[in-house]
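**Student:** Quick one, entry13.txt (compact mmCIF, C-alpha atoms and all ligand atoms):
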```
# COMPACT_ATOMS: atom_id res chain seq x y z
CA MET E 1 -58.68 -26.16 -27.33
CA GLN E 2 -58.97 -22.40 -27.72
CA THR E 3 -57.90 -21.01 -31.12
CA LEU E 4 -55.72 -17.95 -30.96
CA PRO E 5 -56.51 -14.76 -32.85
CA HIS E 6 -53.77 -13.90 -35.35
CA SER E 7 -53.48 -10.32 -34.25
CA VAL E 8 -53.91 -8.40 -31.06
CA SER E 9 -56.73 -6.36 -32.56
CA LYS E 10 -58.73 -9.56 -33.05
CA ALA E 11 -58.39 -10.56 -29.40
CA VAL E 12 -61.83 -10.56 -27.81
CA SER E 13 -60.83 -11.12 -24.21
CA ILE E 14 -58.00 -10.55 -21.77
CA GLU E 15 -57.36 -14.30 -21.92
CA ASP E 16 -56.75 -13.97 -25.69
CA LEU E 17 -54.14 -11.29 -24.98
CA ARG E 18 -52.54 -13.49 -22.34
CA LEU E 19 -52.25 -16.35 -24.82
CA ILE E 20 -50.75 -14.09 -27.48
CA ALA E 21 -48.15 -12.96 -24.92
CA LYS E 22 -47.49 -16.60 -24.08
CA ARG E 23 -46.92 -17.46 -27.74
CA ARG E 24 -44.59 -14.47 -28.23
CA LEU E 25 -42.37 -14.73 -25.16
CA PRO E 26 -39.76 -17.19 -23.94
CA THR E 27 -41.31 -19.31 -21.19
CA CYS E 28 -39.11 -17.86 -18.47
CA ILE E 29 -40.29 -14.31 -19.24
CA PHE E 30 -43.95 -15.24 -19.68
CA ASP E 31 -43.85 -17.12 -16.38
CA PHE E 32 -42.31 -14.14 -14.62
CA TYR E 33 -45.40 -12.09 -15.57
CA ASP E 34 -47.99 -14.82 -15.28
CA GLY E 35 -46.79 -16.64 -12.17
CA GLY E 36 -47.28 -16.29 -8.45
CA ALA E 37 -45.72 -17.45 -5.22
CA GLU E 38 -45.33 -21.09 -4.17
CA ASP E 39 -48.44 -23.14 -5.07
CA GLU E 40 -50.14 -20.10 -6.62
CA ILE E 41 -53.20 -20.60 -4.42
CA THR E 42 -53.69 -16.87 -3.87
CA LEU E 43 -53.01 -16.07 -7.53
CA LEU E 44 -55.75 -18.47 -8.59
CA SER E 45 -58.21 -17.68 -5.82
CA ASN E 46 -58.05 -13.97 -6.68
CA ILE E 47 -59.48 -14.95 -10.08
CA GLN E 48 -61.69 -17.78 -8.89
CA ARG E 49 -63.55 -15.76 -6.25
CA PHE E 50 -64.84 -13.39 -8.94
CA ARG E 51 -66.19 -16.37 -10.86
CA GLU E 52 -67.92 -17.78 -7.81
CA ILE E 53 -70.04 -14.71 -7.26
CA SER E 54 -73.14 -14.54 -9.44
CA LEU E 55 -74.83 -11.41 -10.63
CA LEU E 56 -78.47 -10.72 -9.83
CA PRO E 57 -79.66 -8.41 -12.61
CA ARG E 58 -82.71 -6.15 -12.66
CA ILE E 59 -84.91 -5.67 -15.72
CA LEU E 60 -86.76 -2.99 -17.70
CA ARG E 61 -84.65 -0.10 -16.46
CA SER E 62 -83.80 1.84 -19.64
CA VAL E 63 -80.09 1.28 -20.01
CA HIS E 64 -79.36 2.85 -23.40
CA ARG E 65 -77.06 5.48 -21.86
CA ILE E 66 -74.27 4.41 -19.49
CA ASP E 67 -71.94 6.58 -17.45
CA THR E 68 -68.69 4.98 -16.19
CA THR E 69 -67.09 8.10 -14.73
CA ARG E 70 -65.97 8.21 -11.14
CA HIS E 71 -64.48 10.87 -8.90
CA LEU E 72 -61.22 9.59 -7.43
CA LEU E 73 -58.74 11.48 -5.25
CA GLY E 74 -59.47 14.96 -6.49
CA SER E 75 -60.76 14.55 -10.00
CA GLU E 76 -62.67 12.42 -12.41
CA ILE E 77 -61.61 9.22 -14.14
CA LYS E 78 -63.58 8.09 -17.16
CA VAL E 79 -63.52 4.42 -16.18
CA PRO E 80 -63.40 2.91 -12.68
CA PHE E 81 -60.06 1.25 -13.25
CA ALA E 82 -56.49 2.52 -13.17
CA VAL E 83 -53.22 0.84 -14.10
CA ALA E 84 -51.39 -0.98 -11.28
CA PRO E 85 -47.62 -0.66 -10.99
CA THR E 86 -45.77 -3.51 -12.68
CA GLY E 87 -42.00 -3.76 -12.86
CA ALA E 88 -39.59 -5.08 -15.48
CA LEU E 89 -42.00 -4.81 -18.41
CA GLY E 90 -39.20 -3.99 -20.83
CA PHE E 91 -38.18 -7.64 -20.70
CA GLY E 92 -41.44 -8.47 -22.45
CA ARG E 93 -41.60 -5.55 -24.89
CA HIS E 94 -39.51 -2.47 -25.33
CA GLY E 95 -41.53 0.60 -24.33
CA ALA E 96 -44.37 -1.33 -22.63
CA ASP E 97 -44.45 1.07 -19.64
CA LEU E 98 -44.99 4.01 -21.94
CA SER E 99 -47.63 2.10 -23.91
CA LEU E 100 -49.61 1.65 -20.69
CA ALA E 101 -49.14 5.25 -19.62
CA LYS E 102 -50.34 6.57 -22.99
CA ALA E 103 -53.28 4.16 -23.13
CA ALA E 104 -54.35 5.16 -19.62
CA ALA E 105 -54.28 8.83 -20.62
CA GLU E 106 -56.33 8.09 -23.73
CA GLN E 107 -58.81 6.12 -21.65
CA GLY E 108 -59.08 9.03 -19.21
CA THR E 109 -57.66 7.20 -16.24
CA ILE E 110 -54.60 7.01 -13.98
CA TYR E 111 -51.31 5.27 -14.71
CA THR E 112 -49.03 4.08 -11.91
CA LEU E 113 -45.33 3.85 -12.68
CA SER E 114 -43.44 1.16 -10.75
CA SER E 115 -40.14 2.07 -9.14
CA SER E 116 -38.91 -1.17 -10.77
CA ALA E 117 -40.05 -0.03 -14.22
CA THR E 118 -37.82 -0.08 -17.25
CA THR E 119 -38.81 3.51 -18.09
CA SER E 120 -37.74 6.44 -15.96
CA ILE E 121 -39.97 8.83 -14.06
CA GLU E 122 -38.84 11.65 -16.35
CA GLN E 123 -39.44 9.71 -19.59
CA ILE E 124 -43.01 8.94 -18.54
CA ALA E 125 -43.65 12.55 -17.56
CA ARG E 126 -42.18 13.77 -20.85
CA HIS E 127 -43.94 11.37 -23.22
CA ALA E 128 -47.33 10.61 -21.63
CA GLN E 129 -50.15 12.91 -20.65
CA GLY E 130 -52.80 12.27 -18.03
CA ARG E 131 -52.90 11.58 -14.32
CA GLN E 132 -49.89 9.69 -13.01
CA TRP E 133 -48.95 8.11 -9.70
CA PHE E 134 -45.52 6.82 -8.73
CA GLN E 135 -45.13 3.58 -6.77
CA ALA E 136 -42.18 3.04 -4.45
CA TYR E 137 -40.96 0.25 -2.25
CA ILE E 138 -39.23 1.27 0.91
CA LEU E 139 -35.50 0.88 0.35
CA LYS E 140 -32.81 0.56 2.99
CA ASP E 141 -30.96 3.42 1.35
CA LYS E 142 -33.21 6.22 2.57
CA ASP E 143 -31.30 8.93 0.69
CA PHE E 144 -31.92 7.10 -2.56
CA PHE E 145 -35.57 6.48 -1.61
CA TYR E 146 -36.29 10.15 -0.82
CA LYS E 147 -34.45 11.30 -3.95
CA LEU E 148 -36.68 8.96 -5.94
CA ILE E 149 -39.82 10.50 -4.55
CA ASP E 150 -38.37 13.99 -5.02
CA ARG E 151 -37.98 13.11 -8.70
CA ALA E 152 -41.62 12.00 -8.87
CA TYR E 153 -42.64 15.27 -7.22
CA ALA E 154 -40.55 17.33 -9.62
CA ALA E 155 -42.06 15.43 -12.56
CA ASP E 156 -45.56 16.36 -11.35
CA PHE E 157 -46.74 12.89 -10.40
CA GLU E 158 -49.89 13.63 -8.44
CA GLY E 159 -49.83 10.60 -6.15
CA LEU E 160 -47.27 8.46 -4.35
CA MET E 161 -48.14 4.82 -3.83
CA ILE E 162 -46.18 2.96 -1.17
CA THR E 163 -46.29 -0.81 -1.49
CA VAL E 164 -46.12 -2.43 1.93
CA ASP E 165 -46.55 -6.14 1.19
CA LEU E 166 -42.98 -6.74 0.11
CA PRO E 167 -40.60 -6.50 3.10
CA VAL E 168 -38.93 -9.49 1.43
CA GLY E 169 -39.52 -11.08 -1.96
CA GLY E 170 -42.07 -13.90 -2.33
CA LYS E 171 -40.96 -17.42 -3.27
CA ARG E 172 -41.77 -17.59 -6.97
CA GLU E 173 -41.07 -21.16 -7.93
CA ARG E 174 -41.70 -20.79 -11.67
CA ASP E 175 -38.85 -18.27 -11.77
CA ASN E 176 -36.61 -20.58 -9.79
CA LYS E 177 -37.35 -23.55 -12.04
CA ASN E 178 -36.82 -21.46 -15.19
CA SER E 179 -33.55 -20.07 -13.81
CA PHE E 180 -35.13 -16.61 -14.08
CA SER E 181 -33.53 -15.98 -10.76
CA ILE E 182 -31.67 -13.15 -9.19
CA PRO E 183 -28.87 -12.86 -10.01
CA PHE E 184 -29.81 -13.82 -13.56
CA LYS E 185 -27.73 -16.59 -15.10
CA LEU E 186 -27.67 -17.39 -18.79
CA SER E 187 -27.96 -21.14 -18.31
CA PRO E 188 -28.21 -23.48 -21.32
CA SER E 189 -31.96 -23.89 -20.67
CA VAL E 190 -32.54 -20.10 -20.65
CA ALA E 191 -30.50 -19.74 -23.84
CA LEU E 192 -32.57 -22.46 -25.53
CA ASP E 193 -35.76 -20.82 -24.29
CA PHE E 194 -34.75 -17.49 -25.90
CA LEU E 195 -33.62 -19.19 -29.11
CA SER E 196 -37.05 -20.81 -29.42
CA LYS E 197 -38.57 -17.31 -29.94
CA PRO E 198 -36.40 -15.79 -32.70
CA ALA E 199 -38.69 -12.82 -33.41
CA PHE E 200 -38.67 -11.85 -29.75
CA LEU E 201 -34.93 -12.41 -29.49
CA SER E 202 -34.09 -10.24 -32.47
CA SER E 203 -36.28 -7.43 -31.15
CA LEU E 204 -34.62 -7.68 -27.73
CA LEU E 205 -31.16 -7.64 -29.27
CA SER E 206 -31.94 -4.71 -31.56
CA LYS E 207 -33.41 -2.59 -28.75
CA GLY E 208 -30.85 -3.61 -26.11
CA MET E 209 -31.23 -5.13 -22.66
CA PRO E 210 -33.80 -3.30 -20.54
CA VAL E 211 -32.69 -1.40 -17.46
CA LEU E 212 -34.58 -0.70 -14.23
CA GLU E 213 -34.17 2.98 -15.02
CA ASN E 214 -35.30 4.38 -11.68
CA MET E 215 -32.92 2.20 -9.71
CA VAL E 216 -29.78 3.18 -11.59
CA GLY E 217 -27.23 4.40 -9.07
CA LEU E 218 -28.59 2.42 -6.15
CA GLU E 219 -25.53 1.31 -4.18
CA GLY E 220 -23.34 2.05 -7.21
CA GLU E 221 -24.71 -0.91 -9.17
CA THR E 222 -23.98 -1.26 -12.88
CA ARG E 223 -26.62 -0.55 -15.50
CA SER E 224 -27.15 -4.26 -16.06
CA VAL E 225 -30.80 -4.98 -15.38
CA ASN E 226 -30.03 -8.21 -13.59
CA HIS E 227 -27.49 -6.76 -11.26
CA ILE E 228 -29.81 -3.90 -10.51
CA ALA E 229 -32.72 -6.23 -9.90
CA SER E 230 -30.64 -8.20 -7.45
CA SER E 231 -29.56 -5.06 -5.68
CA VAL E 232 -33.18 -3.91 -5.38
CA GLY E 233 -34.02 -7.24 -3.77
CA ARG E 234 -31.21 -6.82 -1.31
CA ASN E 235 -32.20 -3.26 -0.68
CA TYR E 236 -35.80 -3.71 0.39
CA ASP E 237 -36.10 -2.59 3.98
CA ALA E 238 -37.57 -5.46 5.98
CA SER E 239 -37.47 -3.29 9.11
CA PHE E 240 -39.83 -0.69 7.62
CA ASN E 241 -42.67 0.10 10.02
CA TRP E 242 -45.44 2.55 10.92
CA ASP E 243 -42.98 5.24 12.04
CA ASP E 244 -41.22 5.11 8.68
CA LEU E 245 -44.54 5.42 6.87
CA LYS E 246 -45.40 8.42 9.03
CA ARG E 247 -42.15 10.07 7.90
CA VAL E 248 -43.15 9.46 4.28
CA ARG E 249 -46.58 10.98 4.98
CA ASP E 250 -44.97 14.08 6.50
CA TYR E 251 -42.56 14.39 3.57
CA TRP E 252 -44.94 13.93 0.63
CA HIS E 253 -47.55 16.67 0.40
CA ARG E 254 -49.66 15.26 -2.39
CA LYS E 255 -51.93 12.19 -2.41
CA LEU E 256 -50.53 9.18 -0.58
CA ILE E 257 -51.85 5.74 -1.43
CA VAL E 258 -50.83 2.60 0.48
CA LYS E 259 -50.94 -0.67 -1.47
CA GLY E 260 -51.04 -4.14 0.02
CA VAL E 261 -53.67 -3.80 2.74
CA LEU E 262 -55.77 -6.85 3.69
CA HIS E 263 -56.62 -6.44 7.40
CA PRO E 264 -59.38 -3.97 8.42
CA SER E 265 -57.39 -2.84 11.49
CA ASP E 266 -54.45 -1.83 9.30
CA ALA E 267 -56.81 0.22 7.14
CA ILE E 268 -58.07 2.09 10.21
CA ARG E 269 -54.54 2.81 11.37
CA LEU E 270 -53.65 4.10 7.89
CA ILE E 271 -56.55 6.55 8.04
CA GLU E 272 -55.27 7.81 11.40
CA LEU E 273 -51.85 8.24 9.83
CA GLY E 274 -53.35 10.45 7.14
CA VAL E 275 -53.20 8.41 3.95
CA ASP E 276 -55.60 9.30 1.14
CA ALA E 277 -56.38 5.82 -0.18
CA VAL E 278 -55.67 2.17 0.45
CA VAL E 279 -55.32 -0.58 -2.13
CA VAL E 280 -56.66 -3.94 -1.01
CA SER E 281 -54.03 -6.12 -2.64
CA ASN E 282 -51.98 -9.28 -2.17
CA HIS E 283 -49.59 -8.29 -4.98
CA GLY E 284 -51.45 -10.47 -7.47
CA GLY E 285 -50.55 -13.60 -5.49
CA ARG E 286 -46.82 -13.00 -5.98
CA GLN E 287 -45.91 -12.56 -2.32
CA LEU E 288 -47.57 -14.49 0.52
CA ASP E 289 -49.16 -17.61 -0.89
CA THR E 290 -52.48 -18.66 0.70
CA ALA E 291 -53.08 -15.03 1.69
CA VAL E 292 -56.77 -14.21 1.43
CA ALA E 293 -58.20 -13.46 -2.04
CA THR E 294 -58.63 -9.73 -2.39
CA LEU E 295 -62.34 -9.99 -3.17
CA ASP E 296 -62.80 -11.70 0.22
CA ALA E 297 -60.72 -9.09 2.04
CA LEU E 298 -62.46 -6.14 0.37
CA PRO E 299 -65.75 -6.00 2.35
CA GLY E 300 -63.96 -5.95 5.72
CA VAL E 301 -61.71 -3.08 4.66
CA VAL E 302 -64.63 -1.18 3.11
CA LYS E 303 -66.59 -1.50 6.35
CA ALA E 304 -63.66 -0.38 8.50
CA VAL E 305 -62.88 2.59 6.25
CA ASP E 306 -66.53 3.64 6.20
CA LYS E 307 -66.11 6.06 3.27
CA ARG E 308 -63.49 8.19 5.10
CA ILE E 309 -60.87 7.60 2.37
CA ALA E 310 -60.87 5.89 -1.03
CA VAL E 311 -60.65 2.10 -1.21
CA LEU E 312 -59.11 0.56 -4.32
CA MET E 313 -58.53 -3.12 -4.93
CA ASP E 314 -56.58 -5.30 -7.31
CA GLY E 315 -55.95 -8.97 -8.00
CA GLY E 316 -57.72 -11.20 -10.48
CA ILE E 317 -59.43 -8.54 -12.60
CA ARG E 318 -59.81 -10.18 -16.01
CA ARG E 319 -63.36 -9.18 -17.02
CA GLY E 320 -65.51 -6.07 -16.92
CA SER E 321 -67.90 -8.03 -14.70
CA ASP E 322 -65.05 -8.40 -12.16
CA ILE E 323 -64.84 -4.62 -11.96
CA PHE E 324 -68.63 -4.48 -11.48
CA LYS E 325 -68.42 -7.00 -8.60
CA ALA E 326 -65.58 -5.15 -6.87
CA ILE E 327 -67.59 -1.93 -7.03
CA ALA E 328 -70.68 -3.76 -5.76
CA LEU E 329 -68.62 -4.81 -2.74
CA GLY E 330 -67.57 -1.24 -2.04
CA ALA E 331 -64.39 -0.53 -4.03
CA ASP E 332 -64.19 3.00 -5.43
CA ALA E 333 -62.17 1.63 -8.34
CA VAL E 334 -59.86 -1.25 -9.20
CA LEU E 335 -56.30 -1.46 -10.46
CA THR E 336 -55.45 -3.66 -13.41
CA GLY E 337 -52.22 -5.66 -13.24
CA ARG E 338 -51.77 -8.57 -15.62
CA ALA E 339 -54.91 -7.72 -17.63
CA THR E 340 -53.41 -4.54 -19.08
CA LEU E 341 -49.83 -5.83 -18.82
CA PHE E 342 -50.66 -8.65 -21.27
CA GLY E 343 -52.17 -6.09 -23.67
CA ALA E 344 -49.00 -3.98 -23.63
CA ILE E 345 -46.67 -6.97 -23.88
CA SER E 346 -48.56 -8.57 -26.74
CA GLY E 347 -49.27 -5.45 -28.78
CA GLY E 348 -47.43 -2.35 -27.52
CA ASP E 349 -49.43 0.90 -27.67
CA SER E 350 -52.42 -0.57 -29.49
CA GLY E 351 -52.38 -3.71 -27.33
CA ALA E 352 -52.45 -1.69 -24.10
CA LEU E 353 -55.37 0.35 -25.38
CA HIS E 354 -57.12 -2.74 -26.69
CA ALA E 355 -56.95 -4.39 -23.24
CA MET E 356 -58.49 -1.31 -21.65
CA ASN E 357 -61.18 -1.13 -24.32
CA ILE E 358 -62.07 -4.78 -23.73
CA LEU E 359 -62.47 -4.16 -19.99
CA LYS E 360 -64.48 -1.01 -20.53
CA GLU E 361 -66.76 -2.56 -23.13
CA GLU E 362 -67.39 -5.57 -20.88
CA LEU E 363 -68.10 -3.32 -17.91
CA VAL E 364 -70.59 -1.25 -19.90
CA ARG E 365 -72.32 -4.39 -21.16
CA THR E 366 -72.44 -5.84 -17.62
CA MET E 367 -74.00 -2.62 -16.36
CA GLN E 368 -76.61 -2.65 -19.13
CA LEU E 369 -77.48 -6.31 -18.67
CA SER E 370 -77.66 -5.81 -14.89
CA GLY E 371 -79.93 -2.79 -15.22
CA VAL E 372 -77.72 0.04 -13.98
CA THR E 373 -76.75 3.22 -15.78
CA GLU E 374 -74.12 4.69 -13.46
CA LEU E 375 -71.51 3.38 -11.04
CA ALA E 376 -73.21 4.87 -7.97
CA GLU E 377 -76.16 2.53 -8.51
CA ILE E 378 -73.99 -0.61 -8.29
CA SER E 379 -74.39 -2.30 -4.93
CA LYS E 380 -74.54 -5.70 -3.25
CA ASP E 381 -78.16 -5.78 -4.36
CA PHE E 382 -76.91 -6.79 -7.81
CA LEU E 383 -75.01 -9.81 -6.45
CA PHE E 384 -76.49 -13.17 -5.60
CA LEU E 385 -74.64 -13.83 -2.36
CA LYS E 386 -74.94 -17.43 -1.25
CA GLN E 387 -74.52 -18.34 2.39
CA GLY E 388 -70.84 -18.30 3.36
CA LEU E 389 -69.79 -16.32 0.31
CA VAL E 390 -68.54 -12.76 0.87
C1 LIG E 401 -45.03 -8.80 -13.54
C2 LIG E 401 -45.56 -8.04 -12.37
C3 LIG E 401 -44.79 -7.05 -11.80
C4 LIG E 401 -45.28 -6.34 -10.68
N1 LIG E 401 -44.52 -5.31 -10.19
C5 LIG E 401 -45.01 -4.59 -9.15
C6 LIG E 401 -44.28 -3.47 -8.68
O1 LIG E 401 -43.22 -3.13 -9.18
N2 LIG E 401 -44.82 -2.79 -7.63
C7 LIG E 401 -46.01 -3.14 -7.05
O2 LIG E 401 -46.45 -2.49 -6.10
N3 LIG E 401 -46.72 -4.17 -7.51
C8 LIG E 401 -46.25 -4.89 -8.55
N4 LIG E 401 -46.99 -5.93 -9.05
C9 LIG E 401 -48.33 -6.21 -8.47
C10 LIG E 401 -49.40 -5.39 -9.22
O3 LIG E 401 -49.27 -4.02 -8.94
C11 LIG E 401 -50.81 -5.83 -8.80
O4 LIG E 401 -50.93 -5.76 -7.41
C12 LIG E 401 -51.17 -7.23 -9.29
O5 LIG E 401 -50.66 -7.45 -10.58
C13 LIG E 401 -52.70 -7.39 -9.30
O6 LIG E 401 -53.05 -8.68 -9.66
P1 LIG E 401 -53.51 -9.08 -11.15
O7 LIG E 401 -52.28 -9.12 -11.97
O8 LIG E 401 -54.14 -10.42 -10.95
O9 LIG E 401 -54.48 -8.04 -11.63
C14 LIG E 401 -46.54 -6.65 -10.14
C15 LIG E 401 -47.32 -7.65 -10.73
C16 LIG E 401 -46.84 -8.33 -11.84
C17 LIG E 401 -47.72 -9.37 -12.48
```
Using the file provided, produce a representation of the structure as C-alpha cells.

**Tutor:**
Amino acid sequence: MQTLPHSVSKAVSIEDLRLIAKRRLPTCIFDFYDGGAEDEITLLSNIQRFREISLLPRILRSVHRIDTTRHLLGSEIKVPFAVAPTGALGFGRHGADLSLAKAAAEQGTIYTLSSSATTSIEQIARHAQGRQWFQAYILKDKDFFYKLIDRAYAADFEGLMITVDLPVGGKRERDNKNSFSIPFKLSPSVALDFLSKPAFLSSLLSKGMPVLENMVGLEGETRSVNHIASSVGRNYDASFNWDDLKRVRDYWHRKLIVKGVLHPSDAIRLIELGVDAVVVSNHGGRQLDTAVATLDALPGVVKAVDKRIAVLMDGGIRRGSDIFKAIALGADAVLTGRATLFGAISGGDSGALHAMNILKEELVRTMQLSGVTELAEISKDFLFLKQGLV
C-alpha cells in the first residue's frame, strides 16, 4: 500500500496529490472530482493509453539545457500545458480557482476559467495576472450567454473556449450513489460523510457555501450553489448547432477555441468556420462513456488539421511523460484537468503550483532522458509504436 506524504510539499507525484485530496474531502465531493460517466471506461482509458505507449529514447545528445517554451495562439507559454476549465472547485477548497489562475501565471502559462467556477470573471481578472481564457457552455438563455462573454471581453480574457461535448449532462453514477445529485439533498448519508471530515467541514462552514459566481442571475435563481447548479443543467442548450457556433464566432473577435472535438471531420469544419484552436477532449470521461480515449483520437485530428490551427488535447495527463507523448503525436500543448485540480484542492496556492512544478520537472526529465532539448524535436520517432497502437 502506498504511504501518503504528510504535506502537499512532500508529494512527489500527481497521484500523491490525488490521495491527499481524497483523505481531506468527504467522499461525495472527492468522487465528484475524481469520477466519470457510467462504467468510467473512457476516464480510465484516457489514462491507460498513455501507459501503453512506450518511449524510444535516443542517446548521447547533450541534454544539459532544455527549453520547454512554445508559441501558442499569439504568444509564448513557458510550458506546453495550460489549465483546463473545471467547475465547482470551491466545494473542495475555498479560492481554488484563484490558486490555479495564480499558479498558471507564475508558471508562465494560460489559465482557463470555467463558466461553472466558484470565482467570478471579474475576481480572476482582478487578482491574477497572466494569460486567461474563459470557457462557456451554450445556454438556452442567449441573452445571459452573450452577457457572460461580454463580461469576459471587458475583463480582458484573451480567448473564449466553447465546450461542445455537453448538450446534456453525462450519467455520473458515483454522484448518484453518493446523493451528490442535482438538486442537492442533505441526506443522512451526505451529512455523515461531511461529519467524517471535521477539518474540511469547519473550513467550509467558516468560509460559507460556494456559489457558481458566473451563473448568478440565470433565470432568477437564488445564490444557493445547488439551485444554481441545477438551473445550469436545465439551461444547457441541447439544440445548439453549427449555426449557433457561427454566431459566436462572428460575435467574439478574439481567439476562439472549441473544446470537445474527437472526429477529424468536425475539426475540418471548425477550421472552415474560423476557429483558432480545437481541444481534443472527451471531458475527462465525464460525458459519453466508451467514447474514444483522447490519445487515440489525437492523431486523426492532427492529420485533418494539418497545422492550419492549433490542436490542444486533454484527458488523462498525470505525468510529464504524458505531455511528451501528446506532443509526439502532434498536440501543440495539453490542458491539465484533474492533475492541477488535485494540487489546488489539496494545498491551495502552493498545491496548485506544486502540481505544475511536478509536471514540468517530469517533462524536462523525460526530454533529457529521451535525448531532446526542445519541444520542436519531439516526434513519433521517440515513441515505440507497436502494431495496432496509435
Ligand atoms: C471536476 C471537474 C469539473 C469540470 N468542469 C468543466 C467545465 O466547467 N467546463 C469544461 O469545459 N470542462 C470541465 N471539465 C473537463 C476538463 O476541462 C477536462 O476536459 C478534463 O478534466 C480532462 O481530463 P483529466 O481530468 O483526466 O485531465 C471538468 C472536469 C472535472 C474533473

**Student:** Separation of atom CA of E:Asp322 and atom CA of E:Glu362, in Å?

**Tutor:**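 Pair atom CA of E:Asp322 / atom CA of E:Glu362 returns 9.5 Å.
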
**Student:** Could you tell me how far atom CA of E:Ser370 sits from atom CA of E:Leu329, in Å to one decimal place?

**Tutor:**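 Between these atoms lies a distance of 15.2 Å.
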
**Student:** Residues at most 8 Å from ligand LIG 401 (chain E), using only C-alpha atoms and all ligand atoms? Could they come as a ChimeraX atom specification?

**Tutor:** /E:32-35,43,46-47,84-89,114-117,135-137,161-163,259-260,281-286,314-318,335-339,341

**Student:** In Å to one decimal, how far is atom CA of E:Phe134 from atom CA of E:Ala155?

**Tutor:**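 Atom CA of E:Phe134 lies at a distance of 10.0 Å from atom CA of E:Ala155.
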
**Student:** Between E:Ala304, E:Val334, E:Ile66, E:Ile149, single out the one closest to E:Ile271, counting all atoms listed in the file.

**Tutor:**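 Smallest distance to E:Ile271 is found for E:Ala304.
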
**Student:** Please determine, counting all atoms listed in the file, which residue among E:Trp242, E:Asp349, E:Leu273, E:Asp165 has the shortest atom-to-atom distance to E:Val261.

**Tutor:** E:Asp165

**Student:** Using all atoms listed in the file, which of the listed residues (E:Ser62, E:Thr68, E:Ser203, E:Ser239) sits closest to E:Ile323?

**Tutor:**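 Once distances to E:Ile323 are computed over all atoms listed in the file, the minimum belongs to E:Thr68.
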
**Student:** Nearest to E:Met313: which of E:Pro210, E:Pro188, E:Gly130, E:Pro80 is it, counting only C-alpha atoms?

**Tutor:**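 Counting only C-alpha atoms, the residue closest to E:Met313 is E:Pro80.
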
**Student:** Tell me which of E:Asn214, E:Gln287, E:Asn178, E:Gln129 sits closest to E:Thr42, counting only C-alpha atoms.

**Tutor:**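 Looking at the shortest contact to E:Thr42, the residue is E:Gln287.
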
**Student:** At a cut-off of 12 Å around the point (-40.4, 8.8, -20.4) (file coordinates), what residues fall inside when counting all atoms listed in the file? I'd like the answer as a CSV table (one decimal) with C-alpha atoms, in the coordinates of the input.

**Tutor:**
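Result went into selection_0.csv, see below:
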```
chain,number,residue,atom,x,y,z
E,95,GLY,CA,-41.5,0.6,-24.3
E,96,ALA,CA,-44.4,-1.3,-22.6
E,97,ASP,CA,-44.4,1.1,-19.6
E,98,LEU,CA,-45.0,4.0,-21.9
E,99,SER,CA,-47.6,2.1,-23.9
E,100,LEU,CA,-49.6,1.6,-20.7
E,101,ALA,CA,-49.1,5.2,-19.6
E,102,LYS,CA,-50.3,6.6,-23.0
E,113,LEU,CA,-45.3,3.8,-12.7
E,117,ALA,CA,-40.0,0.0,-14.2
E,118,THR,CA,-37.8,-0.1,-17.2
E,119,THR,CA,-38.8,3.5,-18.1
E,120,SER,CA,-37.7,6.4,-16.0
E,121,ILE,CA,-40.0,8.8,-14.1
E,122,GLU,CA,-38.8,11.6,-16.4
E,123,GLN,CA,-39.4,9.7,-19.6
E,124,ILE,CA,-43.0,8.9,-18.5
E,125,ALA,CA,-43.6,12.6,-17.6
E,126,ARG,CA,-42.2,13.8,-20.8
E,127,HIS,CA,-43.9,11.4,-23.2
E,128,ALA,CA,-47.3,10.6,-21.6
E,129,GLN,CA,-50.2,12.9,-20.6
E,155,ALA,CA,-42.1,15.4,-12.6
E,213,GLU,CA,-34.2,3.0,-15.0
E,214,ASN,CA,-35.3,4.4,-11.7
```

**Student:** If we count all atoms listed in the file, what is near E:Ala333 at a cut-off of 10 Å, once residues fewer than 5 positions away on the same chain are taken out, given as a list in words?

**Tutor:**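 Residues near the query, excluding close chain neighbours: Arg70, His71, Leu72, Ile77, Val79, Pro80, Phe81, Ala82, Val279, Ala310, Val311, Leu312, Met313, Asp314, Ile323, Phe324, Ala326, Ile327 and Leu375 of chain E.
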
**Student:** Taking (-48.9, 14.8, -8.3) as a centre in this file's frame and 10 Å as the limit, can you find every polymer residue with an atom that close, using all atoms listed in the file, and give them as a list in words?

**Tutor:**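 Residues satisfying the cut-off, written out: Arg131, Gln132, Trp133, Phe134, Ala152, Tyr153, Ala154, Ala155, Asp156, Phe157, Glu158, Gly159, Leu160, Trp252, His253, Arg254, Lys255 and Leu256 of chain E.
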
**Student:** Between E:Leu270, E:Ser202, E:Asp141, E:Ser13, which residue has the minimum interatomic distance to E:Met215, considering all atoms listed in the file?

**Tutor:**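 Closest candidate: E:Asp141.
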
**Student:** Residues at most 9 Å from E:Lys140, counting all atoms listed in the file, excluding those fewer than 2 positions away in the same chain, as a count of residues only?

**Tutor:** 12

**Student:** Please identify all polymer residues within 8 Å of E:His263, counting only C-alpha atoms, omitting same-chain residues fewer than 2 positions from it, and present them as a ChimeraX atom specification.

**Tutor:** /E:261,265-267,297,300-301
